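Text of work.txt, listed as compact mmCIF, C-alpha atoms:
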# COMPACT_ATOMS: atom_id res chain seq x y z
CA MET A 257 -18.44 140.15 -163.88
CA GLY A 258 -18.61 139.11 -160.19
CA LYS A 259 -19.69 135.76 -158.91
CA THR A 260 -23.41 135.18 -158.48
CA ALA A 261 -25.04 133.89 -155.27
CA VAL A 262 -28.66 132.80 -155.32
CA LEU A 263 -30.94 132.80 -152.26
CA THR A 264 -34.66 132.12 -152.24
CA ASP A 265 -37.31 132.38 -149.57
CA LEU A 266 -37.09 128.60 -149.33
CA ASP A 267 -33.51 129.13 -148.08
CA VAL A 268 -31.88 127.02 -150.79
CA ALA A 269 -28.40 128.45 -151.32
CA SER A 270 -25.98 127.88 -154.17
CA THR A 271 -22.39 127.70 -153.05
CA PRO A 272 -20.44 130.49 -154.81
CA GLY A 273 -18.45 129.15 -157.75
CA THR A 274 -20.38 125.86 -157.90
CA THR A 275 -23.79 124.60 -158.94
CA LYS A 276 -24.29 122.56 -155.78
CA SER A 277 -27.47 123.38 -153.88
CA VAL A 278 -27.49 123.18 -150.09
CA MET A 279 -30.78 123.09 -148.20
CA LYS A 280 -31.06 125.18 -145.06
CA LYS A 281 -30.42 123.22 -141.85
CA LEU A 282 -31.38 125.77 -139.20
CA PRO A 283 -34.70 127.53 -138.49
CA GLU A 284 -35.93 131.06 -139.01
CA VAL A 285 -35.58 133.24 -135.90
CA THR A 286 -39.17 134.21 -135.10
CA LEU A 287 -41.28 134.64 -131.95
CA ALA A 288 -42.12 130.92 -132.16
CA PHE A 289 -38.36 130.17 -132.19
CA TRP A 290 -37.86 131.99 -128.88
CA ILE A 291 -40.91 130.38 -127.27
CA MET A 292 -39.58 126.95 -128.20
CA LYS A 293 -36.08 127.89 -127.00
CA ILE A 294 -37.38 128.90 -123.56
CA ALA A 295 -39.55 125.76 -123.34
CA ALA A 296 -36.58 123.56 -124.31
CA THR A 297 -34.18 125.22 -121.85
CA THR A 298 -36.69 125.08 -119.00
CA LEU A 299 -37.24 121.37 -119.73
CA GLY A 300 -33.47 120.92 -119.91
CA GLU A 301 -33.20 122.28 -116.36
CA THR A 302 -35.97 120.14 -114.88
CA ALA A 303 -34.95 116.99 -116.78
CA GLY A 304 -31.27 117.41 -115.89
CA ASP A 305 -32.19 117.78 -112.21
CA LEU A 306 -34.56 114.81 -112.50
CA PHE A 307 -31.72 112.49 -113.54
CA SER A 308 -28.94 113.88 -111.36
CA GLN A 309 -30.84 114.74 -108.16
CA THR A 310 -34.28 113.10 -108.05
CA LEU A 311 -33.07 109.77 -109.46
CA LYS A 312 -29.77 110.28 -107.58
CA LEU A 313 -27.53 109.41 -110.53
CA GLY A 314 -25.24 112.31 -109.61
CA TYR A 315 -23.75 115.10 -111.69
CA PHE A 316 -20.79 113.11 -113.01
CA LEU A 317 -22.62 110.04 -114.33
CA THR A 318 -25.58 112.09 -115.60
CA THR A 319 -23.22 114.42 -117.45
CA ILE A 320 -21.59 111.48 -119.23
CA VAL A 321 -24.94 109.94 -120.21
CA LEU A 322 -26.49 113.23 -121.36
CA PHE A 323 -23.38 114.24 -123.30
CA LEU A 324 -23.54 110.93 -125.18
CA ILE A 325 -27.22 111.61 -125.92
CA PHE A 326 -26.20 115.04 -127.22
CA VAL A 327 -23.63 113.43 -129.54
CA VAL A 328 -26.24 111.02 -130.92
CA THR A 329 -28.82 113.74 -131.54
CA LEU A 330 -26.15 115.96 -133.10
CA VAL A 331 -25.09 113.23 -135.53
CA VAL A 332 -28.72 112.83 -136.62
CA GLN A 333 -29.00 116.59 -137.13
CA LEU A 334 -25.73 116.83 -139.07
CA ARG A 335 -26.66 113.92 -141.33
CA SER A 336 -30.04 115.44 -142.16
CA SER A 337 -30.20 116.98 -145.63
CA ARG A 338 -32.46 119.88 -144.59
CA TYR A 339 -34.06 121.57 -141.60
CA ASN A 340 -36.19 119.20 -139.56
CA PRO A 341 -37.80 120.75 -136.43
CA PHE A 342 -37.74 117.48 -134.50
CA PHE A 343 -34.04 116.93 -135.15
CA TYR A 344 -33.08 120.56 -134.45
CA TRP A 345 -35.05 121.01 -131.23
CA THR A 346 -34.02 117.59 -129.93
CA VAL A 347 -30.40 118.76 -130.13
CA ILE A 348 -31.31 122.03 -128.38
CA LEU A 349 -33.00 120.00 -125.63
CA SER A 350 -30.03 117.63 -125.30
CA THR A 351 -27.59 120.57 -125.01
CA SER A 352 -29.83 122.09 -122.34
CA MET A 353 -29.95 118.88 -120.31
CA ALA A 354 -26.22 118.23 -120.71
CA GLY A 355 -25.47 121.88 -119.98
CA THR A 356 -27.44 121.67 -116.72
CA THR A 357 -25.42 118.80 -115.29
CA MET A 358 -22.11 119.99 -116.78
CA SER A 359 -22.61 123.32 -115.01
CA ASP A 360 -23.60 121.60 -111.76
CA PHE A 361 -20.57 119.30 -111.93
CA MET A 362 -18.22 122.23 -112.56
CA ASN A 363 -19.61 124.58 -109.93
CA ARG A 364 -20.94 122.42 -107.10
CA ASP A 365 -19.45 120.02 -104.56
CA ALA A 366 -20.56 117.53 -101.89
CA SER A 367 -21.37 120.15 -99.26
CA ALA A 368 -24.74 120.31 -97.50
CA LYS A 369 -25.55 123.41 -99.57
CA TYR A 370 -25.93 121.27 -102.69
CA LEU A 371 -26.76 117.86 -101.20
CA SER A 372 -30.03 118.33 -99.37
CA ASN A 373 -31.91 116.07 -96.93
CA GLY A 374 -28.72 115.13 -95.11
CA ALA A 375 -27.26 113.24 -98.08
CA ALA A 376 -23.49 112.79 -98.07
CA LYS A 377 -23.16 111.49 -101.62
CA LEU A 378 -25.11 111.83 -104.86
CA GLY A 379 -24.60 109.08 -107.41
CA TRP A 380 -21.45 107.36 -108.62
CA GLY A 381 -18.16 109.14 -109.19
CA PRO A 382 -16.91 112.55 -108.04
CA GLN A 383 -19.63 114.81 -106.65
CA GLY A 384 -18.39 117.95 -108.37
CA LEU A 385 -15.35 120.13 -108.95
CA GLY A 386 -16.58 122.86 -106.61
CA LEU A 387 -15.25 125.72 -108.74
CA GLY A 388 -18.12 128.02 -107.81
CA TYR A 389 -20.28 130.07 -110.16
CA PRO A 390 -17.86 132.99 -110.84
CA ALA A 391 -14.90 130.73 -111.71
CA GLY A 392 -17.10 128.35 -113.70
CA ALA A 393 -18.66 131.23 -115.64
CA ALA A 394 -15.22 132.74 -116.37
CA ILE A 395 -14.02 129.42 -117.83
CA LEU A 396 -17.15 128.98 -119.94
CA ILE A 397 -17.04 132.58 -121.21
CA SER A 398 -13.41 132.06 -122.25
CA ILE A 399 -14.32 128.86 -124.13
CA LEU A 400 -17.29 130.55 -125.81
CA LEU A 401 -15.15 133.52 -126.89
CA ALA A 402 -12.55 131.11 -128.30
CA ILE A 403 -15.26 129.39 -130.35
CA PHE A 404 -16.51 132.73 -131.69
CA LEU A 405 -12.94 133.78 -132.52
CA ALA A 406 -12.39 130.57 -134.48
CA TRP A 407 -15.75 131.15 -136.16
CA LYS A 408 -14.77 134.71 -137.08
CA LEU A 409 -11.38 133.65 -138.44
CA SER A 410 -13.03 130.96 -140.56
CA GLY A 411 -14.84 133.69 -142.51
CA MET A 412 -18.21 131.97 -142.16
CA THR A 413 -21.41 133.85 -141.38
CA PHE A 414 -22.90 134.25 -137.91
CA GLN A 415 -26.40 134.49 -139.43
CA ILE A 416 -27.91 131.12 -138.54
CA ARG A 417 -30.34 131.09 -141.48
CA ASP A 418 -27.33 131.24 -143.81
CA ILE A 419 -25.31 128.43 -142.19
CA VAL A 420 -25.30 125.64 -144.78
CA THR A 421 -21.92 123.91 -144.33
CA PHE A 422 -20.83 121.09 -142.03
CA ARG A 423 -18.07 123.21 -140.49
CA GLY A 424 -20.47 126.08 -139.91
CA GLU A 425 -22.93 123.76 -138.19
CA ALA A 426 -20.15 122.26 -136.05
CA LEU A 427 -19.15 125.73 -134.83
CA PHE A 428 -22.79 126.64 -134.26
CA TRP A 429 -23.52 123.58 -132.11
CA SER A 430 -20.28 123.97 -130.17
CA ALA A 431 -21.35 127.51 -129.30
CA ILE A 432 -24.83 126.27 -128.37
CA LEU A 433 -23.53 123.62 -125.96
CA VAL A 434 -21.17 126.02 -124.20
CA SER A 435 -23.72 128.86 -124.12
CA ASN A 436 -26.35 126.59 -122.57
CA THR A 437 -23.86 125.45 -119.93
CA LEU A 438 -22.91 129.08 -119.26
CA GLY A 439 -26.56 130.07 -119.08
CA THR A 440 -27.20 127.36 -116.49
CA SER A 441 -24.39 128.74 -114.33
CA MET A 442 -25.81 132.24 -114.62
CA GLY A 443 -29.32 131.03 -113.77
CA ASP A 444 -28.16 129.02 -110.75
CA PHE A 445 -26.14 131.99 -109.52
CA LEU A 446 -29.18 134.26 -109.76
CA SER A 447 -31.37 131.69 -108.02
CA ASP A 448 -28.99 130.47 -105.31
CA SER A 449 -26.41 133.16 -104.60
CA SER A 450 -27.68 136.56 -105.72
CA GLY A 451 -30.49 136.86 -103.19
CA LEU A 452 -33.06 137.43 -105.94
CA GLY A 453 -34.59 133.97 -105.65
CA TYR A 454 -36.12 131.97 -108.50
CA ALA A 455 -38.89 134.38 -109.44
CA GLY A 456 -36.67 137.45 -108.99
CA GLY A 457 -33.93 135.95 -111.17
CA ALA A 458 -36.43 135.09 -113.89
CA LEU A 459 -37.86 138.63 -113.81
CA LEU A 460 -34.37 140.17 -114.05
CA VAL A 461 -33.46 138.09 -117.10
CA THR A 462 -36.84 138.86 -118.69
CA GLY A 463 -36.16 142.57 -118.22
CA VAL A 464 -32.75 142.29 -119.88
CA LEU A 465 -34.29 140.38 -122.79
CA ALA A 466 -36.90 143.14 -123.17
CA LEU A 467 -34.03 145.65 -123.37
CA LEU A 468 -32.39 143.59 -126.12
CA VAL A 469 -35.66 143.68 -128.08
CA ALA A 470 -35.67 147.47 -127.78
CA LEU A 471 -32.04 147.64 -128.96
CA MET A 472 -33.05 145.87 -132.19
CA LYS A 473 -34.45 149.24 -133.29
CA VAL A 474 -31.02 150.90 -132.89
CA PRO A 475 -29.19 150.75 -136.27
CA ALA A 476 -25.74 150.93 -134.67
CA VAL A 477 -26.29 147.73 -132.69
CA SER A 478 -25.68 144.43 -134.51
CA ASN A 479 -28.73 142.18 -134.56
CA VAL A 480 -26.41 139.17 -134.79
CA LEU A 481 -24.74 140.23 -131.52
CA LEU A 482 -28.15 140.75 -129.92
CA PHE A 483 -29.23 137.27 -131.07
CA TRP A 484 -26.31 135.53 -129.38
CA ILE A 485 -26.70 137.53 -126.17
CA ALA A 486 -30.40 136.65 -126.13
CA PHE A 487 -29.58 133.01 -126.90
CA VAL A 488 -27.32 132.83 -123.85
CA LEU A 489 -29.78 134.69 -121.59
CA THR A 490 -32.77 132.49 -122.44
CA ARG A 491 -30.87 129.66 -120.74
CA PRO A 492 -30.73 131.32 -117.28
CA LEU A 493 -34.36 132.25 -117.81
CA GLY A 494 -35.11 128.56 -118.34
CA ALA A 495 -32.90 127.61 -115.38
CA THR A 496 -34.60 130.01 -112.96
CA ALA A 497 -38.06 129.13 -114.30
CA GLY A 498 -37.29 125.42 -113.95
CA ASP A 499 -36.07 125.89 -110.38
CA PHE A 500 -39.14 127.98 -109.59
CA LEU A 501 -41.37 125.13 -110.75
CA THR A 502 -39.54 122.31 -108.96
CA LYS A 503 -37.91 123.62 -105.77
CA PRO A 504 -39.63 123.45 -102.35
CA VAL A 505 -41.98 126.24 -101.27
CA ALA A 506 -39.67 126.98 -98.33
CA LYS A 507 -36.97 127.90 -100.86
CA GLY A 508 -39.26 130.06 -102.97
CA GLY A 509 -40.38 127.44 -105.49
CA LEU A 510 -43.73 125.88 -106.35
CA ASP A 511 -42.63 122.33 -105.41
CA LEU A 512 -44.23 120.75 -108.49
CA GLY A 513 -41.43 118.19 -108.70
CA THR A 514 -38.95 117.46 -111.46
CA ALA A 515 -40.89 114.52 -112.90
CA GLY A 516 -44.26 116.27 -113.22
CA SER A 517 -42.77 119.54 -114.46
CA SER A 518 -40.63 117.70 -117.03
CA ALA A 519 -43.63 115.73 -118.30
CA VAL A 520 -45.72 118.89 -118.80
CA LEU A 521 -42.86 120.78 -120.45
CA LEU A 522 -42.09 117.81 -122.72
CA ALA A 523 -45.72 117.73 -123.87
CA VAL A 524 -45.61 121.49 -124.59
CA LEU A 525 -42.33 121.24 -126.49
CA PHE A 526 -43.50 118.18 -128.44
CA GLY A 527 -46.66 120.05 -129.46
CA LEU A 528 -44.62 123.05 -130.61
CA MET A 529 -42.26 120.79 -132.56
CA ALA A 530 -45.20 119.09 -134.28
CA TYR A 531 -46.65 122.48 -135.21
CA ALA A 532 -43.26 123.61 -136.60
CA GLN A 533 -43.00 120.36 -138.59
CA VAL A 534 -46.42 120.94 -140.18
CA ARG A 535 -45.50 124.50 -141.12
CA GLU A 536 -42.19 123.36 -142.59
CA ARG A 537 -43.91 120.77 -144.77
CA ARG A 538 -46.47 123.32 -145.96
CA THR A 539 -43.67 125.71 -146.89
CA ALA A 540 -41.77 122.99 -148.75
CA ASP A 541 -44.88 121.85 -150.65
CA ALA A 542 -46.14 125.34 -151.51
CA PRO A 543 -45.93 126.32 -155.22
CA VAL A 544 -43.33 128.88 -156.26
CA THR A 545 -44.89 132.35 -156.61
CA GLU A 546 -43.51 135.68 -157.73
CA GLU A 547 -42.62 136.50 -154.11
CA ARG A 548 -40.71 133.24 -153.70
CA LYS A 549 -38.75 133.22 -156.95
CA PRO A 550 -34.96 133.28 -156.62
CA VAL A 551 -33.38 136.68 -156.06
CA THR A 552 -29.98 137.09 -157.66
CA ARG A 553 -27.31 138.97 -155.71
CA GLN A 554 -24.16 140.15 -157.41
CA GLY A 555 -21.00 139.58 -155.45
CA GLY A 556 -17.54 140.99 -155.89
Reformat the file's structure so that it appears as C-alpha cells.
Amino acid sequence: MGKTAVLTDLDVASTPGTTKSVMKKLPEVTLAFWIMKIAATTLGETAGDLFSQTLKLGYFLTTIVLFLIFVVTLVVQLRSSRYNPFFYWTVILSTSMAGTTMSDFMNRDASAKYLSNGAAKLGWGPQGLGLGYPAGAAILISILLAIFLAWKLSGMTFQIRDIVTFRGEALFWSAILVSNTLGTSMGDFLSDSSGLGYAGGALLVTGVLALLVALMKVPAVSNVLLFWIAFVLTRPLGATAGDFLTKPVAKGGLDLGTAGSSAVLLAVLFGLMAYAQVRERRTADAPVTEERKPVTRQGG
C-alpha cells in the first residue's frame, strides 16, 4: 500500500510519512491575486523612485535600506504559521521597492541621462554600476535560472499553493526578489530605451500577458511555466505604469509625482489587503461541508 497524502480545500497538507499538519503559507492564484500583484509592483516603482530620486537618497543607500526592510518583512512572513494577506503582500511590496533600486543601481550611472535637472550626484555612496539594461538583465536572468535549477533539483513543487516548507518558501522568495528586479530592468528598458515610451511599454506587456492567458487553454503548455513568466512580466507592467504616472509630461508621463502616486497606490493596496484578510478569515471560520472534506490521494 502506497503512502497517503491528504489535501483539503482549506489547504492543510499532511507531510507524507508523518502526521504533522502544515498550514498553507501562500495565496490562491486568482484574478484578485494578479490585481494585487500589479498594484504592489506599481507602488514598488513609485515608492522606490520616491526614496532614491525625489528624496535624493540615491540608489545605493536606498537599496541597502529597502533590502533590510525586505529581510524584516520576510522574517515575519516565514515565522507566520499560516497565510496572512498583510504579511504576504508586504513582502511582495518590499521586494518590488528593493527590486526597483537594485535594478537602478545595477544599470544606471551618474550621467545626465539618469540624473536630471543638472544634478551631478544623487545621495550618498556610488551612483550606480552603469552596466546597462542588457547586461543587467543577462545577469539577473542567470541568477533566476540558477534559483529555478536549485529548486528543481530539490524535488520540491513549483505550485505555490502547495509550498508548505521553510526551504520551499526560501526558494520562492529568492525567485520573487530576483524576478522583481529583473522585471524593473525590463520595464525601464521599454520605457527609456526601446522608443515605446511609458504607455507603449505598458501596452506591449499587457498584450503579452493576454497571450499568456490564451495559452492557458493549450494542454501542452505548462500552467506553472506560464505563471512564472506572468509573474516576471507584471513587474515591467508595474514599472512602466509607475513611470507613466510620475514622469514629466514632456517625457510622456502624467507628472502626478512619486509622493502622490505612492499614497494613492498604497491606499488601493491596503484596501485590497484588508479585503483579502476578511475573505481569509471567513474561509478559516466556515464549517466543514461535503465539498470541503479531505480528499485522500494515493501515492506510490
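The closest residue to Val332 of chain A, picked from A:Ser478, A:Ser367, A:Lys281, A:Ala523 and counting all atoms listed in the file, is A:Lys281.
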For Val464 of chain A, find every residue with an atom within 10 Å (counting all atoms listed in the file), except residues of its own chain fewer than 4 positions away, and show them as a list in words.
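The residues satisfying every condition are Leu459, Leu460, Leu468, Val469, Ala470, Ile485, Ala486 and Leu489 of chain A.
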Output C-alpha atoms of each residue in that selection to a file, as a short mmCIF file (atom, residue, chain, number, x, y, z; two decimals), in the frame of the given file.
data_model
loop_
_atom_site.label_atom_id
_atom_site.label_comp_id
_atom_site.auth_asym_id
_atom_site.auth_seq_id
_atom_site.Cartn_x
_atom_site.Cartn_y
_atom_site.Cartn_z
CA LEU A 459 -37.86 138.63 -113.81
CA LEU A 460 -34.37 140.17 -114.05
CA LEU A 468 -32.39 143.59 -126.12
CA VAL A 469 -35.66 143.68 -128.08
CA ALA A 470 -35.67 147.47 -127.78
CA ILE A 485 -26.70 137.53 -126.17
CA ALA A 486 -30.40 136.65 -126.13
CA LEU A 489 -29.78 134.69 -121.59
#
Write out as an NGL selection string each polymer residue whose atoms come within 8 Å of Gly300 of chain A, counting all atoms listed in the file; drop sequence neighbours fewer than 2 positions from it.
:A and (296-298 or 302-304 or 349-354 or 356 or 494)
Show which residues sit within 12 Å of segment 377-384 of chain A, as an MDAnalysis selection string. Count all atoms listed in the file, and ignore same-chain residues fewer than 6 positions away.
chainID A and resid 305 307:320 357:368 370:371 392
Kindly save the residues from that selection, with C-alpha atoms included, as a PDB file, keeping the file's coordinate frame.
ATOM      1  CA  ASP A 305     -32.190 117.780-112.210  1.00  0.00           C
ATOM      2  CA  PHE A 307     -31.720 112.490-113.540  1.00  0.00           C
ATOM      3  CA  SER A 308     -28.940 113.880-111.360  1.00  0.00           C
ATOM      4  CA  GLN A 309     -30.840 114.740-108.160  1.00  0.00           C
ATOM      5  CA  THR A 310     -34.280 113.100-108.050  1.00  0.00           C
ATOM      6  CA  LEU A 311     -33.070 109.770-109.460  1.00  0.00           C
ATOM      7  CA  LYS A 312     -29.770 110.280-107.580  1.00  0.00           C
ATOM      8  CA  LEU A 313     -27.530 109.410-110.530  1.00  0.00           C
ATOM      9  CA  GLY A 314     -25.240 112.310-109.610  1.00  0.00           C
ATOM     10  CA  TYR A 315     -23.750 115.100-111.690  1.00  0.00           C
ATOM     11  CA  PHE A 316     -20.790 113.110-113.010  1.00  0.00           C
ATOM     12  CA  LEU A 317     -22.620 110.040-114.330  1.00  0.00           C
ATOM     13  CA  THR A 318     -25.580 112.090-115.600  1.00  0.00           C
ATOM     14  CA  THR A 319     -23.220 114.420-117.450  1.00  0.00           C
ATOM     15  CA  ILE A 320     -21.590 111.480-119.230  1.00  0.00           C
ATOM     16  CA  THR A 357     -25.420 118.800-115.290  1.00  0.00           C
ATOM     17  CA  MET A 358     -22.110 119.990-116.780  1.00  0.00           C
ATOM     18  CA  SER A 359     -22.610 123.320-115.010  1.00  0.00           C
ATOM     19  CA  ASP A 360     -23.600 121.600-111.760  1.00  0.00           C
ATOM     20  CA  PHE A 361     -20.570 119.300-111.930  1.00  0.00           C
ATOM     21  CA  MET A 362     -18.220 122.230-112.560  1.00  0.00           C
ATOM     22  CA  ASN A 363     -19.610 124.580-109.930  1.00  0.00           C
ATOM     23  CA  ARG A 364     -20.940 122.420-107.100  1.00  0.00           C
ATOM     24  CA  ASP A 365     -19.450 120.020-104.560  1.00  0.00           C
ATOM     25  CA  ALA A 366     -20.560 117.530-101.890  1.00  0.00           C
ATOM     26  CA  SER A 367     -21.370 120.150 -99.260  1.00  0.00           C
ATOM     27  CA  ALA A 368     -24.740 120.310 -97.500  1.00  0.00           C
ATOM     28  CA  TYR A 370     -25.930 121.270-102.690  1.00  0.00           C
ATOM     29  CA  LEU A 371     -26.760 117.860-101.200  1.00  0.00           C
ATOM     30  CA  GLY A 392     -17.100 128.350-113.700  1.00  0.00           C
TER      31      GLY A 392
END
Find the residue from A:Val321, A:Leu482, A:Leu400, A:Leu306 that sits nearest to Phe428 of chain A; use only C-alpha atoms when measuring.
A:Leu400
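Going from atom CA of Ala532 of chain A over to atom CA of Thr329 of chain A, you cover 18.2 Å.
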Pick out the closest residue to Phe483 of chain A from this set: A:Asp499, A:Gln415, A:Thr437, A:Ser449. Count only C-alpha atoms.
A:Gln415
Could you tell me how far atom CA of Thr440 of chain A sits from atom CA of Phe343 of chain A, in Å to one decimal place?
22.4 Å
Using all atoms listed in the file, find all polymer residues with an atom at most 10 Å away from the point (-37.1, 130.2, -112.8); report them as number ranges by chain.
A: 298, 301, 443-444, 446-447, 453-459, 461, 492-503, 509
Residues of the last selection are to be written out with C-alpha atoms, as a short mmCIF file (atom, residue, chain, number, x, y, z; two decimals), keeping the file's coordinate frame.
data_model
loop_
_atom_site.label_atom_id
_atom_site.label_comp_id
_atom_site.auth_asym_id
_atom_site.auth_seq_id
_atom_site.Cartn_x
_atom_site.Cartn_y
_atom_site.Cartn_z
CA THR A 298 -36.69 125.08 -119.00
CA GLU A 301 -33.20 122.28 -116.36
CA GLY A 443 -29.32 131.03 -113.77
CA ASP A 444 -28.16 129.02 -110.75
CA LEU A 446 -29.18 134.26 -109.76
CA SER A 447 -31.37 131.69 -108.02
CA GLY A 453 -34.59 133.97 -105.65
CA TYR A 454 -36.12 131.97 -108.50
CA ALA A 455 -38.89 134.38 -109.44
CA GLY A 456 -36.67 137.45 -108.99
CA GLY A 457 -33.93 135.95 -111.17
CA ALA A 458 -36.43 135.09 -113.89
CA LEU A 459 -37.86 138.63 -113.81
CA VAL A 461 -33.46 138.09 -117.10
CA PRO A 492 -30.73 131.32 -117.28
CA LEU A 493 -34.36 132.25 -117.81
CA GLY A 494 -35.11 128.56 -118.34
CA ALA A 495 -32.90 127.61 -115.38
CA THR A 496 -34.60 130.01 -112.96
CA ALA A 497 -38.06 129.13 -114.30
CA GLY A 498 -37.29 125.42 -113.95
CA ASP A 499 -36.07 125.89 -110.38
CA PHE A 500 -39.14 127.98 -109.59
CA LEU A 501 -41.37 125.13 -110.75
CA THR A 502 -39.54 122.31 -108.96
CA LYS A 503 -37.91 123.62 -105.77
CA GLY A 509 -40.38 127.44 -105.49
#
Return as JSON the centre and edge lengths, in Å with one decimal, of the box along x, y and z that encloses every atom of segment 492-511 of chain A in the file, padded by 6 Å per side.
{"center_x": -37.2, "center_y": 127.3, "center_z": -108.3, "size_x": 25.0, "size_y": 21.9, "size_z": 32.0}
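The spacing separating atom CA of Trp429 of chain A from atom CA of Val327 of chain A amounts to 10.5 Å.
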Close residues, segment 290-293 of chain A itself excluded, 9 Å, only C-alpha atoms, min 3 positions apart in chain, as a ChimeraX atom specification
/A:285-287,296-298,345,348-349,487,490-491,494,524-525,528-529
